[in-house]
$ cat query24.pdb   # PDB, C-alpha atoms and all ligand atoms
ATOM      1  CA  MET J   1      -6.633  28.552  -3.240
ATOM      2  CA  GLY J   2      -9.423  26.027  -3.550
ATOM      3  CA  PHE J   3     -10.144  22.809  -1.687
ATOM      4  CA  PHE J   4     -11.469  19.905  -3.703
ATOM      5  CA  GLY J   5     -12.889  16.652  -2.404
ATOM      6  CA  ALA J   6     -15.867  14.306  -2.672
ATOM      7  CA  GLU J   7     -14.626  12.146  -5.558
ATOM      8  CA  PRO J   8     -11.276  10.655  -6.478
ATOM      9  CA  TRP J   9      -9.499  12.900  -9.007
ATOM     10  CA  SER J  10      -6.398  12.571 -11.087
ATOM     11  CA  GLU J  11      -3.261  14.701 -11.130
ATOM     12  CA  GLU J  12      -4.213  15.704 -14.687
ATOM     13  CA  LEU J  13      -7.598  17.058 -13.578
ATOM     14  CA  LYS J  14      -5.966  18.961 -10.713
ATOM     15  CA  LYS J  15      -3.538  20.559 -13.169
ATOM     16  CA  ARG J  16      -6.385  21.471 -15.476
ATOM     17  CA  ILE J  17      -8.356  23.127 -12.639
ATOM     18  CA  GLU J  18      -5.263  25.130 -11.685
ATOM     19  CA  ASP J  19      -4.475  26.147 -15.275
ATOM     20  CA  GLU J  20      -8.026  27.195 -16.093
ATOM     21  CA  SER J  21      -8.874  28.971 -12.846
ATOM     22  CA  GLY J  22      -5.519  30.400 -11.760
ATOM     23  CA  ILE J  23      -5.925  29.034  -8.239
ATOM     24  CA  LYS J  24      -3.891  26.442  -6.375
ATOM     25  CA  ALA J  25      -5.938  23.244  -5.922
ATOM     26  CA  TYR J  26      -5.657  21.421  -2.609
ATOM     27  CA  ASP J  27      -6.989  18.018  -1.691
ATOM     28  CA  ILE J  28      -9.435  17.732   1.185
ATOM     29  CA  TYR J  29     -10.755  14.455   2.514
ATOM     30  CA  GLY J  30     -13.492  13.256   4.832
ATOM     31  CA  THR J  31     -16.856  11.572   4.974
ATOM     32  CA  SER J  32     -20.158  12.702   6.472
ATOM     33  CA  GLU J  33     -19.973   9.937   9.074
ATOM     34  CA  MET J  34     -16.543  11.173  10.201
ATOM     35  CA  SER J  35     -17.859  14.759  10.532
ATOM     36  CA  GLY J  36     -17.282  15.902   6.972
ATOM     37  CA  PRO J  37     -14.151  16.948   5.124
ATOM     38  CA  LEU J  38     -11.432  17.274   7.758
ATOM     39  CA  PHE J  39      -8.087  16.159   6.433
ATOM     40  CA  THR J  40      -6.193  18.430   4.052
ATOM     41  CA  GLU J  41      -2.938  18.901   2.285
ATOM     42  CA  CYS J  42      -0.552  21.463   3.716
ATOM     43  CA  SER J  43       1.315  24.030   1.625
ATOM     44  CA  LYS J  44       3.931  21.385   0.682
ATOM     45  CA  GLN J  45       1.212  19.361  -1.090
ATOM     46  CA  CYS J  46       2.827  16.001  -0.471
ATOM     47  CA  GLY J  47      -0.022  14.083   1.109
ATOM     48  CA  ILE J  48      -3.167  14.693   3.116
ATOM     49  CA  HIS J  49      -2.525  15.184   6.822
ATOM     50  CA  ILE J  50      -4.562  12.998   9.173
ATOM     51  CA  TRP J  51      -5.265  14.572  12.566
ATOM     52  CA  SER J  52      -4.081  11.545  14.514
ATOM     53  CA  ASP J  53      -4.997  12.985  17.916
ATOM     54  CA  LYS J  54      -8.627  12.576  16.809
ATOM     55  CA  PHE J  55      -8.565   9.695  14.332
ATOM     56  CA  LEU J  56      -6.779   6.379  14.067
ATOM     57  CA  VAL J  57      -6.027   5.429  10.493
ATOM     58  CA  GLU J  58      -5.281   1.931   9.264
ATOM     59  CA  ILE J  59      -4.635   0.726   5.738
ATOM     60  CA  LEU J  60      -5.762  -2.835   5.082
ATOM     61  CA  SER J  61      -5.501  -5.107   2.108
ATOM     62  CA  PRO J  62      -9.060  -5.409   0.679
ATOM     63  CA  ASP J  63      -8.375  -9.082  -0.048
ATOM     64  CA  THR J  64      -6.791 -10.303   3.186
ATOM     65  CA  GLU J  65      -8.118  -7.560   5.519
ATOM     66  CA  LYS J  66      -4.635  -7.454   7.097
ATOM     67  CA  SER J  67      -2.547  -4.290   7.589
ATOM     68  CA  VAL J  68      -0.291  -3.366   4.688
ATOM     69  CA  PRO J  69       3.131  -1.718   5.245
ATOM     70  CA  ASP J  70       3.482   2.059   4.973
ATOM     71  CA  GLY J  71       3.599   3.212   1.383
ATOM     72  CA  LYS J  72       1.575   0.266   0.075
ATOM     73  CA  ILE J  73      -1.875   0.799  -1.357
ATOM     74  CA  GLY J  74      -4.864  -0.515   0.568
ATOM     75  CA  GLU J  75      -8.270   0.355   1.902
ATOM     76  CA  LEU J  76      -8.627   3.217   4.365
ATOM     77  CA  ILE J  77     -10.086   2.276   7.769
ATOM     78  CA  ILE J  78     -10.950   4.998  10.266
ATOM     79  CA  THR J  79     -11.543   4.873  14.012
ATOM     80  CA  THR J  80     -12.682   8.062  15.735
ATOM     81  CA  LEU J  81     -10.919   8.645  19.064
ATOM     82  CA  THR J  82     -12.864  11.538  20.539
ATOM     83  CA  LYS J  83     -16.219  11.588  18.762
ATOM     84  CA  GLU J  84     -19.070  10.942  21.209
ATOM     85  CA  ALA J  85     -22.446  11.095  19.453
ATOM     86  CA  LEU J  86     -21.512   8.883  16.517
ATOM     87  CA  PRO J  87     -18.264   7.046  17.199
ATOM     88  CA  LEU J  88     -16.848   4.909  14.401
ATOM     89  CA  ILE J  89     -14.800   1.826  15.104
ATOM     90  CA  ARG J  90     -12.681   0.483  12.274
ATOM     91  CA  TYR J  91     -15.038   2.028   9.759
ATOM     92  CA  ARG J  92     -14.448   0.763   6.265
ATOM     93  CA  ILE J  93     -14.753   3.449   3.600
ATOM     94  CA  ASN J  94     -13.841   1.585   0.387
ATOM     95  CA  ASP J  95     -11.341   4.283  -0.557
ATOM     96  CA  LEU J  96      -7.911   3.156  -1.674
ATOM     97  CA  THR J  97      -4.835   5.082  -0.574
ATOM     98  CA  ARG J  98      -1.341   4.782   0.932
ATOM     99  CA  LYS J  99      -0.197   5.843   4.396
ATOM    100  CA  LEU J 100       2.992   7.862   4.916
ATOM    101  CA  SER J 101       4.243   7.964   8.496
ATOM    102  CA  GLU J 102       7.443  10.011   8.221
ATOM    103  CA  SER J 103       7.250  13.716   9.181
ATOM    104  CA  CYS J 104       6.184  16.088   6.456
ATOM    105  CA  ARG J 105       8.480  18.815   5.120
ATOM    106  CA  CYS J 106       6.117  21.328   6.756
ATOM    107  CA  GLY J 107       7.216  20.006  10.171
ATOM    108  CA  ARG J 108       3.969  18.352  11.173
ATOM    109  CA  THR J 109       4.309  14.837  12.540
ATOM    110  CA  HIS J 110       0.757  13.642  11.858
ATOM    111  CA  PRO J 111       0.715  10.764   9.371
ATOM    112  CA  ARG J 112      -0.404  11.508   5.838
ATOM    113  CA  ILE J 113      -2.358   9.592   3.251
ATOM    114  CA  THR J 114      -1.811   9.997  -0.456
ATOM    115  CA  ARG J 115      -4.581  11.274  -2.696
ATOM    116  CA  ILE J 116      -7.458   8.781  -2.820
ATOM    117  CA  SER J 117      -6.538   6.824  -5.897
ATOM    118  CA  GLU J 118      -9.785   4.956  -6.313
ATOM    119  CA  ARG J 119     -12.957   3.913  -4.619
ATOM    120  CA  SER J 120     -12.864   0.125  -4.587
ATOM    121  CA  TYR J 121     -16.529  -0.215  -5.578
ATOM    122  CA  ASP J 122     -15.969   2.044  -8.645
ATOM    123  CA  MET J 123     -13.902  -0.681 -10.276
ATOM    124  CA  ILE J 124     -15.296  -2.096 -13.515
ATOM    125  CA  ILE J 125     -14.119  -5.456 -14.809
ATOM    126  CA  VAL J 126     -14.070  -5.496 -18.596
ATOM    127  CA  ARG J 127     -12.973  -8.675 -20.314
ATOM    128  CA  GLY J 128     -11.098  -9.679 -17.172
ATOM    129  CA  ILE J 129      -9.256  -6.360 -16.872
ATOM    130  CA  ASN J 130      -9.783  -4.111 -13.856
ATOM    131  CA  VAL J 131     -10.653  -0.594 -15.014
ATOM    132  CA  PHE J 132     -10.963   2.413 -12.727
ATOM    133  CA  PRO J 133     -12.706   5.597 -13.958
ATOM    134  CA  ARG J 134      -9.773   7.709 -12.758
ATOM    135  CA  GLN J 135      -7.469   5.915 -15.213
ATOM    136  CA  VAL J 136      -9.806   6.984 -18.019
ATOM    137  CA  GLU J 137      -9.909  10.534 -16.685
ATOM    138  CA  SER J 138      -6.144  10.641 -16.378
ATOM    139  CA  ALA J 139      -5.715   9.658 -20.034
ATOM    140  CA  LEU J 140      -8.442  11.972 -21.378
ATOM    141  CA  MET J 141      -7.263  15.052 -19.499
ATOM    142  CA  LYS J 142      -3.963  14.900 -21.375
ATOM    143  CA  ILE J 143      -5.803  15.814 -24.586
ATOM    144  CA  PRO J 144      -6.310  19.592 -24.674
ATOM    145  CA  GLU J 145      -9.319  19.345 -27.009
ATOM    146  CA  VAL J 146     -11.215  17.174 -24.510
ATOM    147  CA  GLY J 147     -13.516  19.005 -22.099
ATOM    148  CA  ASN J 148     -13.961  18.314 -18.417
ATOM    149  CA  PHE J 149     -16.735  15.720 -18.559
ATOM    150  CA  PHE J 150     -17.007  12.205 -19.884
ATOM    151  CA  MET J 151     -19.273   9.197 -19.546
ATOM    152  CA  ILE J 152     -18.272   5.539 -19.426
ATOM    153  CA  ILE J 153     -20.908   3.203 -20.838
ATOM    154  CA  VAL J 154     -20.368  -0.441 -19.960
ATOM    155  CA  ASP J 155     -22.341  -2.948 -21.977
ATOM    156  CA  ARG J 156     -22.282  -6.552 -23.069
ATOM    157  CA  ILE J 157     -22.380  -7.173 -26.777
ATOM    158  CA  GLY J 158     -22.928 -10.876 -27.383
ATOM    159  CA  PRO J 159     -20.560 -12.774 -25.092
ATOM    160  CA  LEU J 160     -18.112  -9.872 -24.696
ATOM    161  CA  ASP J 161     -18.030  -6.894 -22.346
ATOM    162  CA  SER J 162     -17.655  -3.583 -24.087
ATOM    163  CA  ILE J 163     -16.792  -0.119 -22.932
ATOM    164  CA  LYS J 164     -17.774   3.047 -24.728
ATOM    165  CA  ILE J 165     -16.582   6.462 -23.657
ATOM    166  CA  GLN J 166     -18.496   9.577 -24.602
ATOM    167  CA  ILE J 167     -16.468  12.725 -24.160
ATOM    168  CA  GLU J 168     -17.310  16.375 -24.006
ATOM    169  CA  MET J 169     -15.165  18.536 -26.240
ATOM    170  CA  HIS J 170     -13.930  22.052 -25.779
ATOM    171  CA  GLU J 171     -15.987  24.395 -27.931
ATOM    172  CA  SER J 172     -12.790  25.635 -29.591
ATOM    173  CA  ALA J 173     -12.008  22.107 -30.779
ATOM    174  CA  PHE J 174     -15.171  21.792 -32.894
ATOM    175  CA  SER J 175     -14.652  21.881 -36.617
ATOM    176  CA  ASP J 176     -17.015  21.673 -39.583
ATOM    177  CA  ARG J 177     -14.455  19.475 -41.311
ATOM    178  CA  MET J 178     -15.263  15.832 -40.668
ATOM    179  CA  SER J 179     -11.583  14.894 -41.119
ATOM    180  CA  ASP J 180     -10.597  17.096 -38.142
ATOM    181  CA  MET J 181     -13.214  15.403 -35.975
ATOM    182  CA  MET J 182     -12.100  11.942 -37.074
ATOM    183  CA  THR J 183      -8.471  12.837 -36.258
ATOM    184  CA  LEU J 184      -9.519  13.826 -32.743
ATOM    185  CA  LYS J 185     -11.504  10.621 -32.350
ATOM    186  CA  LYS J 186      -8.466   8.577 -33.399
ATOM    187  CA  LYS J 187      -6.257  10.554 -31.016
ATOM    188  CA  SER J 188      -8.597   9.769 -28.105
ATOM    189  CA  ARG J 189      -8.859   6.105 -29.010
ATOM    190  CA  GLY J 190      -5.103   5.768 -29.242
ATOM    191  CA  LEU J 191      -4.660   6.419 -25.519
TER     192      LEU J 191
HETATM  193 ZN    ZN J 201       2.703  18.978   5.710
END
$ encode --input "query24.pdb" --output "structure tokens" --more "lines below"
Ligand SMILES: [Zn+2]
Amino acid sequence: MGFFGAEPWSEELKKRIEDESGIKAYDIYGTSEMSGPLFTECSKQCGIHIWSDKFLVEILSPDTEKSVPDGKIGELIITTLTKEALPLIRYRINDLTRKLSESCRCGRTHPRITRISERSYDMIIVRGINVFPRQVESALMKIPEVGNFFMIIVDRIGPLDSIKIQIEMHESAFSDRMSDMMTLKKKSRGL
């Protein structure tokens, strides 16, 4: 098994890691200020367990800064309950997730959060539409010919925002026939 954290990732990327490496990929979550990656999925893989004897977790609406009901997406706020050298009180992380309070199928009663869906400051607004990099990743990872890396280039051409995505391709997908390459380009653009 492998534990993966640090950046938001999509279900499609997780599947790809598992398919290509043969390991089971688990989510792990934490920040340096909290003491590093601490919260993990259990074997049931239905949310990341929060160790609530050590941390208080709140989910707030980024707009109203009020609590949102369980299951609704919002910004993760952490308070450390036992940390002495660097306590955190209602520390705002900018990560978006949902809180699940019912007991997990593994039997643990600690609340869980769902995989970090986005980091609120990663959001790009293009022509009035909110775009998150994970949405791009999610779409690209469905194309087998696309490799594991991509770059989003945001620009302004005249009065309009533009977005250009450069993608890495799997070596096996390269062809010396231009028509094959154009077909792949069209396939990627059609997402
Ligand atoms: Zn569990």
$ residues_near_ligand --input "query24.pdb" --ligand "ligand ZN 201 (chain J)" --cutoff "8 Å" --atoms "all atoms listed in the file" --output "PDB file with C-alpha atoms, in the coordinates of the input"
ATOM      1  CA  GLU J  41      -2.938  18.901   2.285  1.00  0.00           C
ATOM      2  CA  CYS J  42      -0.552  21.463   3.716  1.00  0.00           C
ATOM      3  CA  SER J  43       1.315  24.030   1.625  1.00  0.00           C
ATOM      4  CA  LYS J  44       3.931  21.385   0.682  1.00  0.00           C
ATOM      5  CA  GLN J  45       1.212  19.361  -1.090  1.00  0.00           C
ATOM      6  CA  CYS J  46       2.827  16.001  -0.471  1.00  0.00           C
ATOM      7  CA  GLY J  47      -0.022  14.083   1.109  1.00  0.00           C
ATOM      8  CA  ILE J  48      -3.167  14.693   3.116  1.00  0.00           C
ATOM      9  CA  HIS J  49      -2.525  15.184   6.822  1.00  0.00           C
ATOM     10  CA  SER J 103       7.250  13.716   9.181  1.00  0.00           C
ATOM     11  CA  CYS J 104       6.184  16.088   6.456  1.00  0.00           C
ATOM     12  CA  ARG J 105       8.480  18.815   5.120  1.00  0.00           C
ATOM     13  CA  CYS J 106       6.117  21.328   6.756  1.00  0.00           C
ATOM     14  CA  GLY J 107       7.216  20.006  10.171  1.00  0.00           C
ATOM     15  CA  ARG J 108       3.969  18.352  11.173  1.00  0.00           C
TER      16      ARG J 108
END
$ atom_distance --input "query24.pdb" --atom1 "CA of Pro69 in chain J" --atom2 "CA of Val131 in chain J"
24.5 Å
$ resolve_selection --input "query24.pdb" --expression "the PyMOL selection byres (((chain J and resi 113) around 6) and not hetatm)" --output "CSV table (one decimal) with C-alpha atoms, in the coordinates of the input"
chain,number,residue,atom,x,y,z
J,47,GLY,CA,0.0,14.1,1.1
J,48,ILE,CA,-3.2,14.7,3.1
J,98,ARG,CA,-1.3,4.8,0.9
J,99,LYS,CA,-0.2,5.8,4.4
J,100,LEU,CA,3.0,7.9,4.9
J,112,ARG,CA,-0.4,11.5,5.8
J,114,THR,CA,-1.8,10.0,-0.5
$ resolve_selection --input "query24.pdb" --expression "the PyMOL selection byres (((chain J and resi 55) around 7) and not hetatm)" --output "PyMOL selection string"
chain J and resi 51-54+56-57+78-81
$ write_last_selection --input "query24.pdb" --atoms "C-alpha atoms" --output "tab-separated table (two decimals), in the frame of the given file"
chain	number	residue	atom	x	y	z
J	51	TRP	CA	-5.26	14.57	12.57
J	52	SER	CA	-4.08	11.54	14.51
J	53	ASP	CA	-5.00	12.98	17.92
J	54	LYS	CA	-8.63	12.58	16.81
J	56	LEU	CA	-6.78	6.38	14.07
J	57	VAL	CA	-6.03	5.43	10.49
J	78	ILE	CA	-10.95	5.00	10.27
J	79	THR	CA	-11.54	4.87	14.01
J	80	THR	CA	-12.68	8.06	15.74
J	81	LEU	CA	-10.92	8.64	19.06
$ closest_residue --input "query24.pdb" --among "J:Asp180, J:Glu102, J:Glu118, J:Glu18" --to "Gln135 in chain J" --atoms "only C-alpha atoms"
J:Glu118
$ residues_around --input "query24.pdb" --residues "range 25-33 of chain J" --least-positions-apart "6" --cutoff "8 Å" --atoms "all atoms listed in the file" --output "PDB file with C-alpha atoms, keeping the file's coordinate frame"
ATOM      1  CA  MET J   1      -6.633  28.552  -3.240  1.00  0.00           C
ATOM      2  CA  GLY J   2      -9.423  26.027  -3.550  1.00  0.00           C
ATOM      3  CA  PHE J   3     -10.144  22.809  -1.687  1.00  0.00           C
ATOM      4  CA  PHE J   4     -11.469  19.905  -3.703  1.00  0.00           C
ATOM      5  CA  GLY J   5     -12.889  16.652  -2.404  1.00  0.00           C
ATOM      6  CA  ALA J   6     -15.867  14.306  -2.672  1.00  0.00           C
ATOM      7  CA  LYS J  14      -5.966  18.961 -10.713  1.00  0.00           C
ATOM      8  CA  ILE J  17      -8.356  23.127 -12.639  1.00  0.00           C
ATOM      9  CA  GLU J  18      -5.263  25.130 -11.685  1.00  0.00           C
ATOM     10  CA  PHE J  39      -8.087  16.159   6.433  1.00  0.00           C
ATOM     11  CA  THR J  40      -6.193  18.430   4.052  1.00  0.00           C
ATOM     12  CA  GLU J  41      -2.938  18.901   2.285  1.00  0.00           C
ATOM     13  CA  GLN J  45       1.212  19.361  -1.090  1.00  0.00           C
ATOM     14  CA  ILE J  48      -3.167  14.693   3.116  1.00  0.00           C
ATOM     15  CA  LEU J  86     -21.512   8.883  16.517  1.00  0.00           C
ATOM     16  CA  LEU J  88     -16.848   4.909  14.401  1.00  0.00           C
ATOM     17  CA  ARG J 115      -4.581  11.274  -2.696  1.00  0.00           C
TER      18      ARG J 115
END
$ atom_distance --input "query24.pdb" --atom1 "CA of Lys187 in chain J" --atom2 "CA of Phe149 in chain J"
17.1 Å
$ atom_distance --input "query24.pdb" --atom1 "CA of Asp95 in chain J" --atom2 "CA of Leu76 in chain J"
5.7 Å
$ resolve_selection --input "query24.pdb" --expression "the PyMOL selection byres (((chain J and resi 143) around 12) and not hetatm)" --output "MDAnalysis selection string"
chainID J and resid 12:13 16 136:142 144:148 167:170 173 184:191
$ closest_residue --input "query24.pdb" --among "J:Arg127, J:Lys72, J:Arg134, J:Arg156" --to "Trp9 in chain J" --atoms "all atoms listed in the file"
J:Arg134
